[in-house]
$ cat model.cif   # mmCIF, C-alpha atoms
data_input
loop_
_atom_site.label_atom_id
_atom_site.label_comp_id
_atom_site.auth_asym_id
_atom_site.auth_seq_id
_atom_site.Cartn_x
_atom_site.Cartn_y
_atom_site.Cartn_z
CA MET X 1 -46.25 -60.54 183.80
CA SER X 2 -45.42 -57.86 181.28
CA THR X 3 -46.44 -54.27 181.66
CA VAL X 4 -48.71 -53.12 178.85
CA PRO X 5 -47.08 -50.15 177.10
CA ARG X 6 -48.99 -46.91 177.25
CA THR X 7 -48.12 -46.42 173.59
CA LEU X 8 -46.30 -48.75 171.26
CA ARG X 9 -44.25 -46.49 169.04
CA ASP X 10 -43.84 -42.99 167.76
CA THR X 11 -46.26 -42.08 164.98
CA ALA X 12 -44.49 -39.16 163.37
CA SER X 13 -45.39 -40.21 159.86
CA HIS X 14 -48.96 -41.25 160.55
CA ALA X 15 -50.37 -37.80 159.96
CA GLU X 16 -48.88 -37.84 156.46
CA SER X 17 -49.87 -40.04 153.54
CA HIS X 18 -48.35 -43.51 153.54
CA VAL X 19 -45.34 -43.74 151.23
CA LEU X 20 -46.07 -47.43 150.61
CA GLU X 21 -49.44 -46.65 149.02
CA THR X 22 -48.61 -43.33 147.38
CA ARG X 23 -45.19 -44.14 145.93
CA LEU X 24 -44.56 -47.88 145.71
CA ILE X 25 -47.69 -49.90 145.02
CA GLY X 26 -50.95 -49.54 143.14
CA LEU X 27 -52.91 -51.23 145.94
CA SER X 28 -54.20 -50.19 149.31
CA HIS X 29 -52.10 -51.03 152.35
CA GLU X 30 -54.71 -53.63 153.32
CA GLU X 31 -54.75 -55.32 149.89
CA PHE X 32 -50.98 -55.47 149.80
CA ALA X 33 -50.79 -56.95 153.29
CA ALA X 34 -53.46 -59.57 152.58
CA SER X 35 -52.46 -60.86 149.14
CA VAL X 36 -48.87 -59.80 148.31
CA TRP X 37 -46.63 -59.21 151.35
CA GLY X 38 -44.21 -62.11 151.74
CA ARG X 39 -46.09 -64.19 149.16
CA VAL X 40 -45.67 -63.17 145.52
CA PRO X 41 -43.91 -60.50 143.43
CA LEU X 42 -45.78 -57.35 142.45
CA LEU X 43 -44.99 -55.16 139.42
CA THR X 44 -46.34 -51.61 139.54
CA ARG X 45 -46.04 -49.61 136.33
CA GLY X 46 -45.61 -45.85 136.44
CA ALA X 47 -45.59 -45.58 140.22
CA GLY X 48 -43.93 -42.16 139.99
CA ASP X 49 -40.83 -40.06 139.45
CA PHE X 50 -38.03 -41.04 141.86
CA SER X 51 -35.59 -38.28 140.91
CA ASP X 52 -36.32 -36.55 144.23
CA LEU X 53 -34.83 -39.58 145.99
CA PHE X 54 -31.83 -40.34 143.79
CA SER X 55 -30.29 -39.47 140.42
CA ALA X 56 -27.19 -39.66 138.24
CA SER X 57 -25.86 -36.47 139.84
CA ALA X 58 -26.27 -38.08 143.26
CA VAL X 59 -24.08 -40.97 142.10
CA ASP X 60 -21.34 -38.59 140.95
CA GLU X 61 -21.58 -36.58 144.16
CA LEU X 62 -21.26 -39.64 146.39
CA VAL X 63 -18.44 -41.23 144.42
CA SER X 64 -16.28 -38.18 143.81
CA ARG X 65 -16.94 -35.62 146.56
CA ARG X 66 -18.11 -37.26 149.78
CA GLY X 67 -14.96 -39.17 150.76
CA LEU X 68 -16.91 -42.41 151.15
CA ARG X 69 -15.11 -45.50 152.37
CA THR X 70 -15.78 -49.17 152.02
CA PRO X 71 -18.20 -50.85 152.55
CA PHE X 72 -20.40 -47.98 151.32
CA LEU X 73 -19.59 -49.06 147.75
CA ARG X 74 -18.73 -52.29 145.99
CA VAL X 75 -18.04 -53.15 142.36
CA ALA X 76 -19.37 -56.18 140.48
CA LYS X 77 -19.11 -57.58 136.97
CA ASP X 78 -20.43 -60.80 135.43
CA GLY X 79 -21.43 -62.15 138.81
CA ASP X 80 -18.11 -61.49 140.55
CA THR X 81 -17.31 -58.81 143.14
CA ALA X 82 -14.07 -56.88 142.68
CA PRO X 83 -11.54 -56.68 145.54
CA GLU X 84 -11.79 -53.44 147.51
CA SER X 85 -8.14 -52.66 146.84
CA SER X 86 -8.93 -52.27 143.13
CA TYR X 87 -11.10 -49.17 143.65
CA THR X 88 -9.84 -47.55 146.87
CA SER X 89 -6.80 -45.46 147.72
CA PRO X 90 -5.44 -43.36 150.62
CA GLY X 91 -7.40 -40.25 151.50
CA GLY X 92 -4.50 -37.85 151.09
CA VAL X 93 -3.22 -35.08 153.36
CA GLY X 94 -5.08 -34.90 156.65
CA ALA X 95 -7.08 -38.10 156.03
CA SER X 96 -5.16 -41.02 157.50
CA VAL X 97 -7.33 -43.73 155.95
CA ALA X 98 -6.40 -46.16 153.22
CA ASP X 99 -9.77 -47.19 151.85
CA GLN X 100 -11.51 -44.09 150.49
CA LEU X 101 -13.14 -44.50 147.11
CA ASP X 102 -10.83 -43.77 144.19
CA ASP X 103 -12.97 -42.01 141.59
CA THR X 104 -10.47 -42.60 138.79
CA ALA X 105 -10.38 -46.34 139.45
CA LEU X 106 -14.16 -46.43 139.69
CA TRP X 107 -14.54 -44.59 136.40
CA ARG X 108 -12.26 -47.09 134.67
CA SER X 109 -14.15 -50.04 136.16
CA PHE X 110 -17.49 -48.56 135.17
CA ALA X 111 -16.31 -47.82 131.63
CA ASP X 112 -15.16 -51.44 131.43
CA GLY X 113 -18.67 -52.70 132.22
CA SER X 114 -18.73 -52.99 136.02
CA THR X 115 -21.78 -52.22 138.13
CA LEU X 116 -21.33 -49.74 140.97
CA VAL X 117 -23.31 -50.64 144.10
CA LEU X 118 -23.75 -47.76 146.54
CA GLN X 119 -24.68 -49.41 149.82
CA ALA X 120 -26.52 -48.19 152.91
CA LEU X 121 -27.78 -45.00 151.29
CA GLN X 122 -30.09 -44.58 154.25
CA ARG X 123 -26.92 -43.42 156.02
CA THR X 124 -25.32 -41.28 153.30
CA TRP X 125 -28.03 -39.58 151.18
CA GLN X 126 -30.63 -37.53 153.04
CA PRO X 127 -33.61 -37.94 150.66
CA VAL X 128 -33.17 -41.71 150.87
CA THR X 129 -32.64 -41.48 154.63
CA ASP X 130 -35.96 -39.70 155.09
CA PHE X 131 -37.82 -42.06 152.75
CA ALA X 132 -36.39 -45.22 154.32
CA THR X 133 -37.20 -43.94 157.80
CA ARG X 134 -40.82 -43.33 156.90
CA LEU X 135 -41.19 -46.64 155.09
CA GLY X 136 -39.61 -48.57 157.94
CA THR X 137 -41.97 -46.93 160.42
CA GLU X 138 -44.97 -47.86 158.28
CA LEU X 139 -43.92 -51.46 157.69
CA GLY X 140 -42.60 -52.15 161.18
CA HIS X 141 -39.44 -53.69 159.67
CA PRO X 142 -35.99 -52.08 159.20
CA VAL X 143 -35.20 -50.71 155.73
CA GLN X 144 -31.82 -50.57 153.96
CA ALA X 145 -31.30 -48.77 150.64
CA ASN X 146 -28.76 -49.60 147.92
CA ALA X 147 -28.35 -48.10 144.45
CA TYR X 148 -27.23 -50.20 141.47
CA VAL X 149 -25.57 -48.27 138.64
CA THR X 150 -25.12 -50.53 135.62
CA PRO X 151 -23.51 -49.65 132.25
CA PRO X 152 -25.45 -50.41 129.03
CA GLN X 153 -25.88 -54.09 128.12
CA ASN X 154 -24.24 -55.32 131.32
CA ARG X 155 -25.26 -57.55 134.20
CA GLY X 156 -23.85 -57.03 137.68
CA PHE X 157 -24.95 -60.25 139.41
CA ASP X 158 -26.04 -63.71 138.29
CA ASP X 159 -29.30 -65.37 139.36
CA HIS X 160 -29.60 -65.31 143.14
CA TYR X 161 -32.04 -64.65 145.94
CA ASP X 162 -32.02 -62.20 148.82
CA VAL X 163 -32.69 -63.01 152.47
CA HIS X 164 -34.81 -59.86 152.78
CA ASP X 165 -37.79 -58.53 150.85
CA VAL X 166 -37.03 -55.80 148.30
CA PHE X 167 -38.72 -52.96 146.48
CA VAL X 168 -36.87 -52.14 143.25
CA LEU X 169 -37.40 -48.51 142.11
CA GLN X 170 -36.23 -47.83 138.56
CA VAL X 171 -34.74 -44.32 138.59
CA THR X 172 -33.18 -43.88 135.12
CA GLY X 173 -32.59 -46.10 132.11
CA SER X 174 -34.22 -49.48 131.71
CA LYS X 175 -33.42 -52.91 133.00
CA ARG X 176 -34.63 -56.39 132.14
CA TRP X 177 -35.60 -58.48 135.16
CA ILE X 178 -35.98 -62.25 135.04
CA VAL X 179 -37.66 -63.72 138.13
CA HIS X 180 -38.04 -67.40 139.06
CA GLU X 181 -39.91 -69.05 141.90
CA PRO X 182 -37.95 -69.87 145.08
CA VAL X 183 -35.85 -72.99 145.54
CA HIS X 184 -35.89 -72.28 149.30
CA PRO X 185 -38.96 -70.22 150.28
CA ALA X 186 -38.64 -67.51 152.94
CA PRO X 187 -34.92 -67.99 153.73
CA LEU X 188 -33.58 -66.82 157.06
CA ARG X 189 -30.66 -64.41 157.27
CA ASP X 190 -28.20 -67.26 157.81
CA GLN X 191 -29.45 -69.18 154.74
CA PRO X 192 -27.81 -67.31 151.81
CA TRP X 193 -28.21 -68.24 148.17
CA THR X 194 -24.58 -69.29 147.91
CA ALA X 195 -25.45 -72.51 149.76
CA ARG X 196 -27.85 -73.48 146.95
CA ARG X 197 -25.94 -72.55 143.79
CA ALA X 198 -26.74 -75.79 141.92
CA ALA X 199 -30.47 -75.64 142.63
CA ILE X 200 -30.57 -71.96 141.62
CA ALA X 201 -28.72 -72.67 138.36
CA ASP X 202 -31.22 -75.44 137.55
CA ALA X 203 -34.22 -73.22 138.35
CA ALA X 204 -32.82 -70.37 136.25
CA ARG X 205 -32.89 -72.64 133.19
CA SER X 206 -36.64 -73.24 133.58
CA GLY X 207 -39.46 -70.95 132.53
CA ALA X 208 -39.49 -67.60 134.28
CA TYR X 209 -42.27 -66.52 136.61
CA LEU X 210 -41.72 -62.96 135.34
CA ASP X 211 -39.63 -61.62 132.47
CA THR X 212 -40.08 -57.88 132.14
CA VAL X 213 -38.35 -54.58 131.51
CA LEU X 214 -38.50 -51.91 134.20
CA GLU X 215 -38.71 -48.34 132.91
CA PRO X 216 -38.22 -45.15 134.96
CA GLY X 217 -41.00 -44.90 137.54
CA ASP X 218 -41.70 -48.65 137.69
CA VAL X 219 -41.53 -50.58 140.98
CA LEU X 220 -40.99 -54.30 141.47
CA TYR X 221 -41.62 -55.96 144.83
CA LEU X 222 -39.89 -59.31 145.47
CA PRO X 223 -40.39 -61.36 148.63
CA ARG X 224 -37.23 -62.91 150.06
CA GLY X 225 -36.21 -66.12 148.39
CA TRP X 226 -37.44 -65.29 144.87
CA LEU X 227 -34.67 -65.80 142.30
CA HIS X 228 -33.78 -62.86 140.10
CA ALA X 229 -31.19 -61.47 137.70
CA ALA X 230 -31.19 -58.08 135.98
CA GLU X 231 -29.45 -56.62 132.93
CA ALA X 232 -29.22 -53.01 131.75
CA LEU X 233 -30.38 -52.41 128.19
CA GLY X 234 -29.46 -49.53 125.85
CA ALA X 235 -28.41 -46.91 128.41
CA VAL X 236 -27.02 -46.59 131.92
CA SER X 237 -29.49 -47.99 134.42
CA ILE X 238 -29.88 -46.71 137.96
CA HIS X 239 -32.27 -48.37 140.35
CA LEU X 240 -32.80 -48.16 144.07
CA THR X 241 -33.31 -51.35 146.03
CA LEU X 242 -35.07 -50.93 149.34
CA GLY X 243 -34.23 -54.00 151.39
CA ILE X 244 -36.84 -54.84 154.04
CA HIS X 245 -35.09 -56.82 156.77
CA VAL X 246 -38.20 -58.59 157.95
CA TRP X 247 -38.83 -59.89 161.43
CA THR X 248 -39.77 -63.57 161.32
CA ARG X 249 -41.59 -66.02 163.57
CA HIS X 250 -38.28 -67.85 163.86
CA ALA X 251 -36.68 -64.71 165.31
CA LEU X 252 -39.57 -64.38 167.74
CA ALA X 253 -39.16 -68.06 168.70
CA ARG X 254 -35.49 -67.43 169.46
CA GLN X 255 -36.36 -64.50 171.69
CA LEU X 256 -39.07 -66.55 173.42
CA ALA X 257 -36.54 -69.33 174.05
CA ASP X 258 -33.98 -66.82 175.36
CA SER X 259 -36.60 -65.38 177.72
CA ALA X 260 -37.47 -68.89 178.95
CA LEU X 261 -33.81 -69.73 179.52
CA ALA X 262 -33.40 -66.53 181.51
CA LEU X 263 -36.22 -67.71 183.81
CA LEU X 264 -34.60 -71.14 184.18
CA ARG X 265 -31.41 -69.51 185.45
CA GLU X 266 -33.30 -68.86 188.68
CA ASP X 267 -34.28 -72.56 189.02
CA ALA X 268 -31.79 -74.29 191.34
CA GLU X 269 -32.59 -77.75 189.97
CA MET X 270 -31.95 -76.58 186.41
CA ARG X 271 -28.58 -75.23 187.53
CA GLY X 272 -27.74 -78.66 188.93
CA SER X 273 -25.02 -80.86 187.44
CA LEU X 274 -25.67 -83.95 185.36
CA PRO X 275 -24.60 -87.25 187.00
CA LEU X 276 -20.96 -88.30 187.08
CA GLY X 277 -19.84 -90.35 184.12
CA VAL X 278 -22.72 -89.22 181.96
CA ASP X 279 -22.23 -90.01 178.27
CA GLY X 280 -25.54 -88.63 177.00
CA PRO X 281 -28.63 -86.70 178.09
CA GLY X 282 -30.39 -89.80 179.45
CA ASP X 283 -33.43 -89.36 181.66
CA ASP X 284 -32.63 -85.72 182.31
CA VAL X 285 -34.04 -84.78 178.90
CA ASP X 286 -37.63 -85.40 180.00
CA PHE X 287 -37.12 -83.40 183.18
CA VAL X 288 -35.52 -80.49 181.32
CA ARG X 289 -38.20 -80.60 178.61
CA ARG X 290 -40.99 -80.30 181.22
CA ARG X 291 -39.29 -77.36 182.91
CA LEU X 292 -38.57 -75.69 179.57
CA VAL X 293 -42.18 -76.03 178.40
CA ALA X 294 -43.36 -74.51 181.66
CA ALA X 295 -40.88 -71.65 181.31
CA LEU X 296 -41.96 -71.03 177.70
CA ALA X 297 -45.55 -70.70 178.87
CA GLU X 298 -44.49 -68.08 181.41
CA ALA X 299 -41.84 -66.23 179.39
CA ASP X 300 -42.47 -62.79 177.92
CA PRO X 301 -40.31 -62.09 174.84
CA ALA X 302 -41.58 -58.52 174.40
CA PRO X 303 -38.66 -56.78 176.16
CA LEU X 304 -36.10 -58.72 174.07
CA PHE X 305 -38.08 -58.15 170.88
CA HIS X 306 -38.27 -54.39 171.32
CA ARG X 307 -34.65 -54.16 172.45
CA ALA X 308 -33.61 -56.03 169.30
CA ARG X 309 -35.80 -53.78 167.12
CA ARG X 310 -34.26 -50.68 168.61
CA GLY X 311 -30.78 -52.05 167.91
CA GLN X 312 -31.44 -52.93 164.27
CA ALA X 313 -31.89 -49.44 162.89
CA ARG X 314 -30.80 -45.91 163.67
CA PRO X 315 -32.96 -42.97 164.67
CA ALA X 316 -33.37 -39.92 162.47
CA PRO X 317 -30.27 -37.66 162.21
CA LEU X 318 -29.51 -35.23 165.04
CA GLY X 319 -27.35 -32.17 164.44
CA PRO X 320 -25.31 -31.32 167.56
CA LEU X 321 -25.15 -27.58 166.79
CA ALA X 322 -28.87 -27.32 166.01
CA GLN X 323 -29.62 -29.21 169.21
CA LEU X 324 -27.41 -26.90 171.27
CA GLY X 325 -29.08 -23.90 169.65
CA ALA X 326 -32.50 -25.30 170.56
CA LEU X 327 -31.42 -25.60 174.19
CA ASP X 328 -29.90 -22.10 174.29
CA ASP X 329 -33.01 -20.55 172.73
CA LEU X 330 -35.59 -22.66 174.57
CA ALA X 331 -38.69 -20.62 175.33
CA PRO X 332 -42.40 -21.36 175.93
CA ASP X 333 -43.18 -20.82 172.23
CA SER X 334 -40.36 -23.11 170.97
CA PRO X 335 -41.81 -25.89 168.78
CA VAL X 336 -40.44 -29.39 169.40
CA ARG X 337 -41.18 -32.88 168.11
CA LEU X 338 -40.28 -36.48 168.81
CA ARG X 339 -37.20 -37.66 166.94
CA GLU X 340 -38.29 -40.02 164.17
CA ALA X 341 -37.59 -43.76 164.21
CA LEU X 342 -36.74 -43.86 167.91
CA GLU X 343 -39.00 -46.87 168.60
CA ALA X 344 -40.12 -44.90 171.65
CA ARG X 345 -42.22 -46.80 174.19
CA LEU X 346 -43.62 -45.78 177.54
CA VAL X 347 -43.85 -48.79 179.83
CA GLY X 348 -45.00 -47.78 183.28
CA ARG X 349 -42.92 -44.71 184.05
CA ARG X 350 -39.96 -45.65 181.85
CA LEU X 351 -39.50 -44.11 178.40
CA ALA X 352 -37.44 -46.57 176.34
CA THR X 353 -35.92 -45.49 173.01
CA ARG X 354 -33.13 -46.42 170.60
CA VAL X 355 -30.89 -43.88 172.33
CA GLY X 356 -31.47 -45.13 175.87
CA TRP X 357 -34.15 -44.91 178.53
CA LEU X 358 -35.42 -42.34 180.99
CA ASP X 359 -37.38 -42.87 184.19
CA LEU X 360 -40.11 -40.23 184.41
CA SER X 361 -41.92 -38.70 187.31
CA GLU X 362 -45.71 -38.90 187.58
CA GLU X 363 -45.86 -35.24 186.51
CA GLU X 364 -43.89 -36.03 183.36
CA LEU X 365 -46.18 -38.84 182.16
CA PRO X 366 -48.93 -36.62 180.59
CA PRO X 367 -46.49 -34.58 178.48
CA ALA X 368 -44.64 -37.78 177.54
CA LEU X 369 -47.85 -39.27 176.17
CA ARG X 370 -48.48 -36.08 174.19
CA VAL X 371 -44.98 -36.22 172.72
CA LEU X 372 -45.50 -39.82 171.61
CA ASP X 373 -48.34 -38.81 169.32
CA GLY X 374 -45.66 -37.73 166.84
CA GLY X 375 -46.95 -34.19 166.41
CA THR X 376 -45.35 -30.79 166.96
CA HIS X 377 -45.82 -29.21 170.39
CA LEU X 378 -44.87 -25.95 172.06
CA ALA X 379 -42.33 -26.31 174.84
CA GLY X 380 -44.43 -24.24 177.24
CA GLU X 381 -47.38 -26.61 176.84
CA LEU X 382 -45.21 -29.61 177.73
CA GLY X 383 -43.20 -27.91 180.47
CA LEU X 384 -39.81 -26.32 179.92
CA PRO X 385 -37.87 -28.58 182.35
CA PHE X 386 -39.35 -31.68 180.70
CA VAL X 387 -38.53 -30.44 177.19
CA GLU X 388 -34.99 -29.48 178.21
CA ARG X 389 -34.45 -32.96 179.65
CA LEU X 390 -35.62 -34.70 176.46
CA LEU X 391 -33.65 -32.34 174.21
CA ARG X 392 -30.49 -33.14 176.16
CA ALA X 393 -31.26 -36.87 175.87
CA GLY X 394 -31.68 -36.63 172.09
CA VAL X 395 -35.34 -37.71 172.27
CA LEU X 396 -36.85 -34.40 171.19
CA LEU X 397 -35.73 -32.24 168.27
CA PRO X 398 -36.47 -28.62 167.40
CA ALA X 399 -39.36 -28.45 164.93
CA ALA X 400 -40.06 -25.94 162.21
CA SER X 401 -42.31 -23.20 163.50
#

$ encode --input "model.cif" --output "structure tokens"
Amino acid sequence: MSTVPRTLRDTASHAESHVLETRLIGLSHEEFAASVWGRVPLLTRGAGDFSDLFSASAVDELVSRRGLRTPFLRVAKDGDTAPESSYTSPGGVGASVADQLDDTALWRSFADGSTLVLQALQRTWQPVTDFATRLGTELGHPVQANAYVTPPQNRGFDDHYDVHDVFVLQVTGSKRWIVHEPVHPAPLRDQPWTARRAAIADAARSGAYLDTVLEPGDVLYLPRGWLHAAEALGAVSIHLTLGIHVWTRHALARQLADSALALLREDAEMRGSLPLGVDGPGDDVDFVRRRLVAALAEADPAPLFHRARRGQARPAPLGPLAQLGALDDLAPDSPVRLREALEARLVGRRLATRVGWLDLSEEELPPALRVLDGGTHLAGELGLPFVERLLRAGVLLPAAS
């Protein structure tokens, strides 16, 4: 039997307006979930100004001043991806790496019509980090962010599909998007478009489901599996793609099967050898099937599911010096808060998070439940020893007073 969690997750963003509704779609969360999510594309005109998240100056900063390495950037042109060696070089004195981005090589590639793809911006650009963290918390699925910087009148990639849902946010310039219905609906992560090139090429020659131009402030949602290609028009185009790495029923089935197999490890008959000279499963299949069905009925995949969730994304950034300062200056009036995107859960007396777990005393359970509401609390109200323990563990962060 599983222990019912006292609370399922941190709710740091719940007190604020939902970014899905306010910035990405023209529908309510409920309408989107009922009629759009995972089903059909959605085009939202004039959703808002995204310059607070990303911009042309952000591109220049990341490419020329941050010392990024592969695979945080790739280069594509006419459907082909350039070799990393063509746009990287050694880091120079004091940086013993050979694959830092070479801004001169990137400029030449861009001027020659190549698209620059800045990958995993949720790790390298704070405004995108904060936005992706909030969106991932709302959706319950991990979020990755890439930026596509395309010269005028150029296409970076041919028709293809993604194995994750995407929100496309047009930042600057304009881009024509041609969308076709899936040739393989709802693909899993190990079912890439490259295995279906011929079918995709045939579908791309048929009538489009959507043929439109995205202007700054527009948002296009595409469920995984929908075919698409995009081309910049009369100016440089920059768009953000928020990739939603959705959890699927197939993934849950795998975790349920793994949980059942773990139970069967304790069954001596299941650990028994097949007969000598066996050349096939024979009669043992029926026996194993019965035991497996019984184990599936008893298995609880929740621990595996939440452990996998915690491993798929990273918690909000933690500054070591700020954290040390919070410990040194800890006082009853010090404000603290739960670290965002920890996937914190209290099961019994154990606090499980992305950064590890802590076994709590009975006295620590009430303040732990208060912390999990996602709000800001004074250290004295929670108990200084408890707050110090969670600060040292990287579970709590200093909050603005």

$ closest_atom_pairs --input "model.cif" --of "segment 63-168 of chain X" --to "segment 177-187 of chain X" --cutoff "10 Å" --atoms "all atoms listed in the file" --output "JSON lines"
{"residue": "X:Asp159", "atom": "CA", "partner": "X:Ile178", "partner_atom": "CA", "distance": 8.5}
{"residue": "X:His160", "atom": "CA", "partner": "X:His180", "partner_atom": "CA", "distance": 9.6}
{"residue": "X:Tyr161", "atom": "CA", "partner": "X:Pro182", "partner_atom": "CA", "distance": 7.9}
{"residue": "X:Asp162", "atom": "CA", "partner": "X:Pro187", "partner_atom": "CA", "distance": 8.1}
{"residue": "X:Val163", "atom": "CA", "partner": "X:Pro187", "partner_atom": "CA", "distance": 5.6}
{"residue": "X:His164", "atom": "CA", "partner": "X:Pro187", "partner_atom": "CA", "distance": 8.2}
{"residue": "X:Asp165", "atom": "CA", "partner": "X:Ala186", "partner_atom": "CA", "distance": 9.3}

$ write_last_selection --input "model.cif" --atoms "C-alpha atoms" --output "PDB file, in the coordinates of the input"
ATOM      1  CA  ASP X 159     -29.300 -65.370 139.360  1.00  0.00           C
ATOM      2  CA  HIS X 160     -29.600 -65.310 143.140  1.00  0.00           C
ATOM      3  CA  TYR X 161     -32.040 -64.650 145.940  1.00  0.00           C
ATOM      4  CA  ASP X 162     -32.020 -62.200 148.820  1.00  0.00           C
ATOM      5  CA  VAL X 163     -32.690 -63.010 152.470  1.00  0.00           C
ATOM      6  CA  HIS X 164     -34.810 -59.860 152.780  1.00  0.00           C
ATOM      7  CA  ASP X 165     -37.790 -58.530 150.850  1.00  0.00           C
TER       8      ASP X 165
END

$ resolve_selection --input "model.cif" --expression "the PyMOL selection byres ((chain X and resi 116) around 10)" --output "ChimeraX atom specification"
/X:59,63,73-77,106-107,109-110,113-115,117-119,147-151,156,238

$ atom_distance --input "model.cif" --atom1 "atom CA of His141 of chain X" --atom2 "atom CA of Val128 of chain X"
16.1 Å

$ closest_atom_pairs --input "model.cif" --of "segment 303-378 of chain X" --to "segment 130-140 of chain X" --cutoff "8 Å" --atoms "only C-alpha atoms" --output "JSON lines"
{"residue": "X:Ala316", "atom": "CA", "partner": "X:Thr133", "partner_atom": "CA", "distance": 7.3}
{"residue": "X:Glu340", "atom": "CA", "partner": "X:Thr133", "partner_atom": "CA", "distance": 7.6}
{"residue": "X:Ala341", "atom": "CA", "partner": "X:Thr133", "partner_atom": "CA", "distance": 6.4}

$ residues_near_point --input "model.cif" --point "(-34.4, -66.5, 182.2)" --cutoff "12 Å" --atoms "only C-alpha atoms" --output "compact mmCIF listing (two decimals) with C-alpha atoms, keeping the file's coordinate frame"
# COMPACT_ATOMS: atom_id res chain seq x y z
CA GLN X 255 -36.36 -64.50 171.69
CA LEU X 256 -39.07 -66.55 173.42
CA ALA X 257 -36.54 -69.33 174.05
CA ASP X 258 -33.98 -66.82 175.36
CA SER X 259 -36.60 -65.38 177.72
CA ALA X 260 -37.47 -68.89 178.95
CA LEU X 261 -33.81 -69.73 179.52
CA ALA X 262 -33.40 -66.53 181.51
CA LEU X 263 -36.22 -67.71 183.81
CA LEU X 264 -34.60 -71.14 184.18
CA ARG X 265 -31.41 -69.51 185.45
CA GLU X 266 -33.30 -68.86 188.68
CA ASP X 267 -34.28 -72.56 189.02
CA MET X 270 -31.95 -76.58 186.41
CA ARG X 271 -28.58 -75.23 187.53
CA ARG X 291 -39.29 -77.36 182.91
CA LEU X 292 -38.57 -75.69 179.57
CA ALA X 295 -40.88 -71.65 181.31
CA LEU X 296 -41.96 -71.03 177.70
CA GLU X 298 -44.49 -68.08 181.41
CA ALA X 299 -41.84 -66.23 179.39
CA ASP X 300 -42.47 -62.79 177.92
CA PRO X 301 -40.31 -62.09 174.84
CA LEU X 304 -36.10 -58.72 174.07
